Amino acid sequence: MAGSIAMAVFLVVAVLGFIVGVLLDQRRARARVLRERLDTVQKTAEPEPSEDLALVRDQNLSTIPALDTFLRKSERIANLQTLLQQGDVGLNAGNIILLCLASGAVFGFLIFLVPGFQQFAPLGVIFGSILPYSYVSYRKGKRFQKFEEMFPEAIDTLARAVRAGHAFTTALEMIANELSEPVASEFRKLFEEQKFGLPVRDALVNFTERVPLVDVKFFVTAVMLQRETGGNLAEILDNLSYVIRERFKILRQVRVHTAQGRLTMMLLMGLPPIIVVSMLVMNPSFIRPLFDDPIGHILIVVGLTLQTVGYFVIRRIIQIQV
């Protein structure tokens with residue numbers, strides 16, 4: 001018990017020391033940036049950049065210079081930064097990593113303070129560490145889902161603008177100004193990239209990288225083929241919008257037919273925790289050996305593993321690609 005308390009105290013002190021070091025490093029970084037700006041102002045009084053030049057994006061993975069240099073060496077961190085941008089979270093990779101570490105330490109420490117549950121502190125650390133990442137993935141999924149629902153409307157707006165005689169690039173700006181988020185922001189980035197000199201083909205490829213959806217890939221492919229081979233772009237966009245809407249109808253029908261499978265998955269995942277909590281409240285002596293006996297610990301690990309495997313198996317069954 002004394003060793004566990006010492007380990008918990010060491011963990012808390014280490015986290016606090018790391019936070020203090022981060023704050024001091026950020027302060028030194030801000031001071032260095034301020035000195036550089038003052039030196040630049042003293043050398044030459046150049047005009048301030050226009051707001052229209054906001055195309056230059058902040059690609060820093062962390063506000064801490066040393067941590068930013070270290071994170072740039074990992075490809076997985078770059079993928080995490082892309083995930084954060086797709087989820088429109090407003091944090092960089094360094095911040096989310098620090099948040100995962102802090103969340104894991106807090107959850108592990110809270111579980112350690114519960115009498116009789118000290119042995120499950122590592123599970124609390126793991127759960128707390130993946131919780132921020134799960135939230136980012138959830139934000140990404142909801143944002144892409146909303147984008148898919150609004151994308152046919154954006155294609156219709158683009159087709160009407162082209163049919164009215166507007167240029168393709170001008171139609172992109174109209175979508176950015178008339179539609180709501182998240183479609184407006186993505187088409188605004190597409191418009192600004194080609195506006196500031198990037199070829200339209202490269203801007204469209206970047207569009208598919210930011211929004212890696214099947215419908216977006218169909219749209220980009222259709223536009224590229226039309227620009228290379230010619231044809232009626234408005235008619236192509238109308239057909240594409242019709243296909244996307246028909247696919248959504250099929251997806252809704254599939255969702256209805258797989259409702260029973262989703263309900264089964266929720267019941268199987270929620271029933272064991274509910275039973276355990278109910279037994280702890282109603283008859284603690286009956287369920288207590290599961291947490292006190294070493295064999296009970298093994299059964300808990302096996303149960304959680306089987307629950308996880310069952311969740312992914314059922315999810316794979318009910319997810320039908322259309």
# chains A, B, ... in the order shown; residues from 1 in each chain; ligands from 1

$ closest_atom_pairs --of "stretch 138-194 of chain A" --to "stretch 237-248 of chain A" --cutoff "10 Å" --atoms "only C-alpha atoms" --output "JSON lines"
{"residue": "A:Glu148", "atom": "CA", "partner": "A:Ile244", "partner_atom": "CA", "distance": 8.9}
{"residue": "A:Glu149", "atom": "CA", "partner": "A:Phe248", "partner_atom": "CA", "distance": 8.4}
{"residue": "A:Phe151", "atom": "CA", "partner": "A:Ser241", "partner_atom": "CA", "distance": 8.3}
{"residue": "A:Pro152", "atom": "CA", "partner": "A:Ser241", "partner_atom": "CA", "distance": 5.1}
{"residue": "A:Glu153", "atom": "CA", "partner": "A:Ser241", "partner_atom": "CA", "distance": 7.8}
{"residue": "A:Ala154", "atom": "CA", "partner": "A:Ser241", "partner_atom": "CA", "distance": 9.0}
{"residue": "A:Ile155", "atom": "CA", "partner": "A:Leu237", "partner_atom": "CA", "distance": 6.2}
{"residue": "A:Asp156", "atom": "CA", "partner": "A:Asp238", "partner_atom": "CA", "distance": 6.5}
{"residue": "A:Thr157", "atom": "CA", "partner": "A:Leu237", "partner_atom": "CA", "distance": 9.6}
{"residue": "A:Leu158", "atom": "CA", "partner": "A:Leu237", "partner_atom": "CA", "distance": 7.8}
{"residue": "A:Ala159", "atom": "CA", "partner": "A:Leu237", "partner_atom": "CA", "distance": 5.8}
{"residue": "A:Arg160", "atom": "CA", "partner": "A:Asp238", "partner_atom": "CA", "distance": 9.1}
{"residue": "A:Val162", "atom": "CA", "partner": "A:Leu237", "partner_atom": "CA", "distance": 9.7}

$ residues_around --residues "A:Asp202" --least-positions-apart "5" --cutoff "9 Å" --atoms "only C-alpha atoms" --output "list in words"
Glu193, Gln194 and Phe207 of chain A

$ closest_residue --among "A:Glu235, A:Gly303, A:Ile126, A:Leu131" --to "A:Pro273" --atoms "only C-alpha atoms"
A:Gly303

$ select_by_dssp --residues "stretch 93-123 of chain A" --states "alpha helix (DSSP H)" --output "PyMOL selection string"
chain A and resi 93-113+121-123

$ atom_distance --atom1 "atom CA of A:Val220" --atom2 "atom CA of A:Ile250"
22.7 Å

$ decode --residues "stretch 180-208 of chain A" --atoms "N, CA, C and O atoms" --output "compact mmCIF listing (two decimals), in the first residue's frame"
# COMPACT_ATOMS: atom_id res chain seq x y z
N SER A 180 -23.88 26.82 -45.51
CA SER A 180 -23.42 26.85 -44.12
C SER A 180 -22.30 25.84 -43.92
O SER A 180 -21.91 25.11 -44.83
N GLU A 181 -21.79 25.82 -42.69
CA GLU A 181 -20.70 24.90 -42.34
C GLU A 181 -21.22 23.46 -42.26
O GLU A 181 -22.38 23.24 -41.95
N PRO A 182 -20.35 22.48 -42.51
CA PRO A 182 -18.92 22.57 -42.82
C PRO A 182 -18.61 22.69 -44.31
O PRO A 182 -17.44 22.75 -44.68
N VAL A 183 -19.64 22.71 -45.16
CA VAL A 183 -19.41 22.77 -46.60
C VAL A 183 -18.76 24.10 -46.98
O VAL A 183 -17.85 24.15 -47.82
N ALA A 184 -19.22 25.18 -46.37
CA ALA A 184 -18.72 26.51 -46.75
C ALA A 184 -17.23 26.63 -46.51
O ALA A 184 -16.50 27.15 -47.38
N SER A 185 -16.73 26.17 -45.37
CA SER A 185 -15.31 26.32 -45.07
C SER A 185 -14.44 25.50 -46.01
O SER A 185 -13.37 25.96 -46.44
N GLU A 186 -14.87 24.29 -46.35
CA GLU A 186 -14.07 23.45 -47.25
C GLU A 186 -14.02 24.02 -48.65
O GLU A 186 -12.97 24.05 -49.30
N PHE A 187 -15.15 24.51 -49.16
CA PHE A 187 -15.14 25.12 -50.49
C PHE A 187 -14.44 26.46 -50.49
O PHE A 187 -13.88 26.88 -51.51
N ARG A 188 -14.42 27.14 -49.35
CA ARG A 188 -13.66 28.39 -49.26
C ARG A 188 -12.17 28.12 -49.36
O ARG A 188 -11.43 28.85 -50.02
N LYS A 189 -11.71 27.05 -48.70
CA LYS A 189 -10.29 26.67 -48.83
C LYS A 189 -9.98 26.29 -50.27
O LYS A 189 -8.91 26.65 -50.79
N LEU A 190 -10.88 25.56 -50.91
CA LEU A 190 -10.67 25.18 -52.31
C LEU A 190 -10.59 26.41 -53.20
O LEU A 190 -9.72 26.50 -54.07
N PHE A 191 -11.46 27.38 -52.98
CA PHE A 191 -11.45 28.60 -53.78
C PHE A 191 -10.18 29.42 -53.54
O PHE A 191 -9.56 29.93 -54.49
N GLU A 192 -9.78 29.55 -52.26
CA GLU A 192 -8.61 30.37 -51.95
C GLU A 192 -7.32 29.75 -52.48
O GLU A 192 -6.41 30.47 -52.90
N GLU A 193 -7.22 28.43 -52.46
CA GLU A 193 -6.01 27.78 -52.96
C GLU A 193 -5.80 28.07 -54.44
O GLU A 193 -4.70 28.43 -54.86
N GLN A 194 -6.86 27.93 -55.23
CA GLN A 194 -6.69 28.23 -56.66
C GLN A 194 -6.60 29.73 -56.91
O GLN A 194 -5.98 30.17 -57.86
N LYS A 195 -7.18 30.53 -56.03
CA LYS A 195 -7.12 31.99 -56.19
C LYS A 195 -5.69 32.50 -56.01
O LYS A 195 -5.27 33.44 -56.71
N PHE A 196 -4.94 31.89 -55.11
CA PHE A 196 -3.58 32.35 -54.83
C PHE A 196 -2.53 31.58 -55.62
O PHE A 196 -1.37 31.52 -55.21
N GLY A 197 -2.93 30.99 -56.74
CA GLY A 197 -1.95 30.48 -57.69
C GLY A 197 -1.83 28.98 -57.80
O GLY A 197 -1.12 28.50 -58.69
N LEU A 198 -2.47 28.21 -56.92
CA LEU A 198 -2.38 26.77 -57.02
C LEU A 198 -3.24 26.27 -58.18
O LEU A 198 -4.38 26.72 -58.33
N PRO A 199 -2.73 25.38 -59.02
CA PRO A 199 -3.57 24.86 -60.11
C PRO A 199 -4.85 24.23 -59.60
O PRO A 199 -4.89 23.66 -58.50
N VAL A 200 -5.91 24.36 -60.38
CA VAL A 200 -7.21 23.84 -59.96
C VAL A 200 -7.14 22.34 -59.67
O VAL A 200 -7.75 21.84 -58.73
N ARG A 201 -6.37 21.62 -60.49
CA ARG A 201 -6.26 20.17 -60.28
C ARG A 201 -5.64 19.87 -58.92
O ARG A 201 -6.14 19.00 -58.18
N ASP A 202 -4.58 20.58 -58.56
CA ASP A 202 -3.95 20.36 -57.26
C ASP A 202 -4.87 20.77 -56.11
O ASP A 202 -4.90 20.13 -55.06
N ALA A 203 -5.61 21.86 -56.31
CA ALA A 203 -6.55 22.29 -55.27
C ALA A 203 -7.64 21.25 -55.06
O ALA A 203 -8.06 21.00 -53.92
N LEU A 204 -8.10 20.63 -56.14
CA LEU A 204 -9.11 19.58 -56.01
C LEU A 204 -8.54 18.34 -55.31
O LEU A 204 -9.23 17.69 -54.52
N VAL A 205 -7.29 18.02 -55.61
CA VAL A 205 -6.66 16.88 -54.93
C VAL A 205 -6.53 17.15 -53.43
O VAL A 205 -6.79 16.27 -52.59
N ASN A 206 -6.18 18.37 -53.07
CA ASN A 206 -6.11 18.74 -51.65
C ASN A 206 -7.49 18.66 -51.00
O ASN A 206 -7.62 18.32 -49.82
N PHE A 207 -8.51 18.98 -51.78
CA PHE A 207 -9.89 18.89 -51.29
C PHE A 207 -10.23 17.46 -50.90
O PHE A 207 -10.84 17.21 -49.85
N THR A 208 -9.84 16.49 -51.72
CA THR A 208 -10.11 15.09 -51.40
C THR A 208 -9.29 14.61 -50.21
O THR A 208 -9.72 13.72 -49.48
